[in-house]
Amino acid sequence: MASRQLSELSRKAIHIGSLVIPLSYRYLLDFNRLKMAAILLVALILFLGVDFFRFQRSSFRRLFHKLFGSILRKHEKLDFTGATFLIFSSLLCVVFFKDIIAFLAMSFLSLGDTLAALIGIMLGKRRFVNQNNTLEGSLACFTSILIYSIVFAGKLISPWVYVTGAVVATLAELWRFPLDDNIKIPLLSGIAMSLIP
């Protein structure tokens with residue numbers, strides 16, 4: 001397997017770990033918005049601090065790249081990391097969306113984006129025009145977050161809400177708009193779910 005694919009697999013294996021954010025919000029903090037927002041704000045300040053420090057200090061940048069360079073995408077070496085964007089979007093979800101919608105939107109990112117990449121890399125054969133994304137990856141994204149929604153939120157909200165969220169999250173993952181997936185997926189799916197009566 002090519003080193004780029006191995007790097008992406010490693011990155012996504014770590015990415016699935018971000019499910020701890022929505023699961024903690026729901027099961028440890030019992031949807032306590034204030035506590036979760038405070039935790040995410042502190043985390044965001046720390047992540048931004050690391051990013052700005054590596055932008056300014058070449059010695060720290062070298063150390064950071066030595067430790068994490070294998071899982072960084074090319075643009076992240078000169079920009080904020082995907083982890084910083086993930087914490088930022090999680091904070092926005094908690095602050096602006098109803099608790100169960102925030103829970104699902106954050107989960108859609110962790111689960112759907114991860115499985116889209118993993119299945120796309122390992123089993124993907126049908127690529128979309130002018131994209132690296134595959135039909136198999138997109139189906140994995142949609143199916144996984146739909147099943148997750150049924151299991152974790154099926155009795156709490158209308159199926160129309162989470163089905164809409166799953167469709168929008170999948171389309172956001174596919175959309176080649178120049179905005180990090182860690183922002184697009186949770187915020188667009190959260191907005192879409194919030195609009196369903």
# chains A, B, ... in the order shown; residues from 1 in each chain; ligands from 1
>>> residues_around(residues="A:Tyr162", least_positions_apart="5", cutoff="9 Å", atoms="only C-alpha atoms", output="JSON, numbers by chain")
{"A": [101, 104, 145, 146, 149, 150, 153, 154, 157, 167, 189, 193]}
>>> residues_around(residues="A:Met106", least_positions_apart="6", cutoff="8 Å", atoms="only C-alpha atoms", output="number ranges by chain")
A: 19, 21-22, 90, 93, 186
>>> closest_residue(among="A:Ala102, A:Val161, A:Val50, A:Ala169", to="A:Met36", atoms="only C-alpha atoms")
A:Ala102
>>> select_by_dssp(residues="stretch 40-176 of chain A", states="alpha helix (DSSP H)", output="PyMOL selection string")
chain A and resi 40-56+58-68+82-96+99-107+114-123+135-153+159-174
>>> atom_distance(atom1="atom CA of A:Ile87", atom2="atom CA of A:Leu28")
17.8 Å
>>> atom_distance(atom1="atom CA of A:Gly190", atom2="atom CA of A:Gly49")
27.4 Å
>>> residues_around(residues="A:Leu171", least_positions_apart="6", cutoff="10 Å", atoms="only C-alpha atoms", output="list in words")
Ser138, Cys141, Phe142, Gly165, Lys184, Ile185, Leu188 and Ser189 of chain A
>>> write_last_selection(atoms="N, CA and C atoms", output="PDB file, in the first residue's frame")
ATOM      1  N   SER A 138     -18.640   6.822  -0.088  1.00  0.00           N
ATOM      2  CA  SER A 138     -19.823   7.630   0.227  1.00  0.00           C
ATOM      3  C   SER A 138     -20.961   6.777   0.779  1.00  0.00           C
ATOM      4  N   CYS A 141     -20.129   6.046   4.327  1.00  0.00           N
ATOM      5  CA  CYS A 141     -20.390   7.235   5.139  1.00  0.00           C
ATOM      6  C   CYS A 141     -21.875   7.306   5.481  1.00  0.00           C
ATOM      7  N   PHE A 142     -22.714   7.262   4.473  1.00  0.00           N
ATOM      8  CA  PHE A 142     -24.157   7.401   4.680  1.00  0.00           C
ATOM      9  C   PHE A 142     -24.716   6.275   5.545  1.00  0.00           C
ATOM     10  N   GLY A 165     -29.906  14.755   8.034  1.00  0.00           N
ATOM     11  CA  GLY A 165     -28.532  14.989   8.482  1.00  0.00           C
ATOM     12  C   GLY A 165     -27.542  14.046   7.825  1.00  0.00           C
ATOM     13  N   LYS A 184     -17.137  21.573   7.478  1.00  0.00           N
ATOM     14  CA  LYS A 184     -18.297  21.373   6.590  1.00  0.00           C
ATOM     15  C   LYS A 184     -19.276  20.334   7.100  1.00  0.00           C
ATOM     16  N   ILE A 185     -18.779  19.172   7.429  1.00  0.00           N
ATOM     17  CA  ILE A 185     -19.667  18.048   7.737  1.00  0.00           C
ATOM     18  C   ILE A 185     -20.549  18.319   8.960  1.00  0.00           C
ATOM     19  N   LEU A 188     -22.859  21.838   8.401  1.00  0.00           N
ATOM     20  CA  LEU A 188     -23.916  21.743   7.388  1.00  0.00           C
ATOM     21  C   LEU A 188     -24.978  20.724   7.782  1.00  0.00           C
ATOM     22  N   SER A 189     -24.547  19.589   8.317  1.00  0.00           N
ATOM     23  CA  SER A 189     -25.542  18.592   8.738  1.00  0.00           C
ATOM     24  C   SER A 189     -26.336  19.098   9.930  1.00  0.00           C
TER      25      SER A 189
END
>>> residues_around(residues="stretch 178-183 of chain A", least_positions_apart="2", cutoff="6 Å", atoms="only C-alpha atoms", output="PyMOL selection string")
chain A and resi 85-86+89+185
>>> write_last_selection(atoms="all heavy atoms", output="compact mmCIF listing (two decimals), in the first residue's frame")
# COMPACT_ATOMS: atom_id res chain seq x y z
N PHE A 85 -9.55 22.46 13.63
CA PHE A 85 -10.85 22.71 13.00
C PHE A 85 -11.94 21.84 13.64
O PHE A 85 -13.07 22.28 13.82
CB PHE A 85 -10.79 22.44 11.49
CG PHE A 85 -10.07 23.50 10.71
CD1 PHE A 85 -8.97 23.19 9.94
CD2 PHE A 85 -10.50 24.82 10.74
CE1 PHE A 85 -8.30 24.17 9.21
CE2 PHE A 85 -9.85 25.80 10.01
CZ PHE A 85 -8.74 25.48 9.25
N LEU A 86 -11.60 20.60 13.98
CA LEU A 86 -12.56 19.70 14.59
C LEU A 86 -13.03 20.23 15.95
O LEU A 86 -14.22 20.23 16.26
CB LEU A 86 -11.95 18.30 14.74
CG LEU A 86 -12.88 17.20 15.25
CD1 LEU A 86 -12.53 15.88 14.58
CD2 LEU A 86 -12.80 17.04 16.75
N SER A 89 -15.28 23.34 15.31
CA SER A 89 -16.63 23.02 14.85
C SER A 89 -17.44 22.34 15.95
O SER A 89 -18.65 22.55 16.06
CB SER A 89 -16.59 22.14 13.59
OG SER A 89 -16.10 20.85 13.87
N ILE A 185 -18.78 19.17 7.43
CA ILE A 185 -19.67 18.05 7.74
C ILE A 185 -20.55 18.32 8.96
O ILE A 185 -21.78 18.22 8.87
CB ILE A 185 -18.87 16.74 7.88
CG1 ILE A 185 -18.28 16.35 6.51
CG2 ILE A 185 -19.75 15.61 8.42
CD1 ILE A 185 -17.32 15.18 6.56
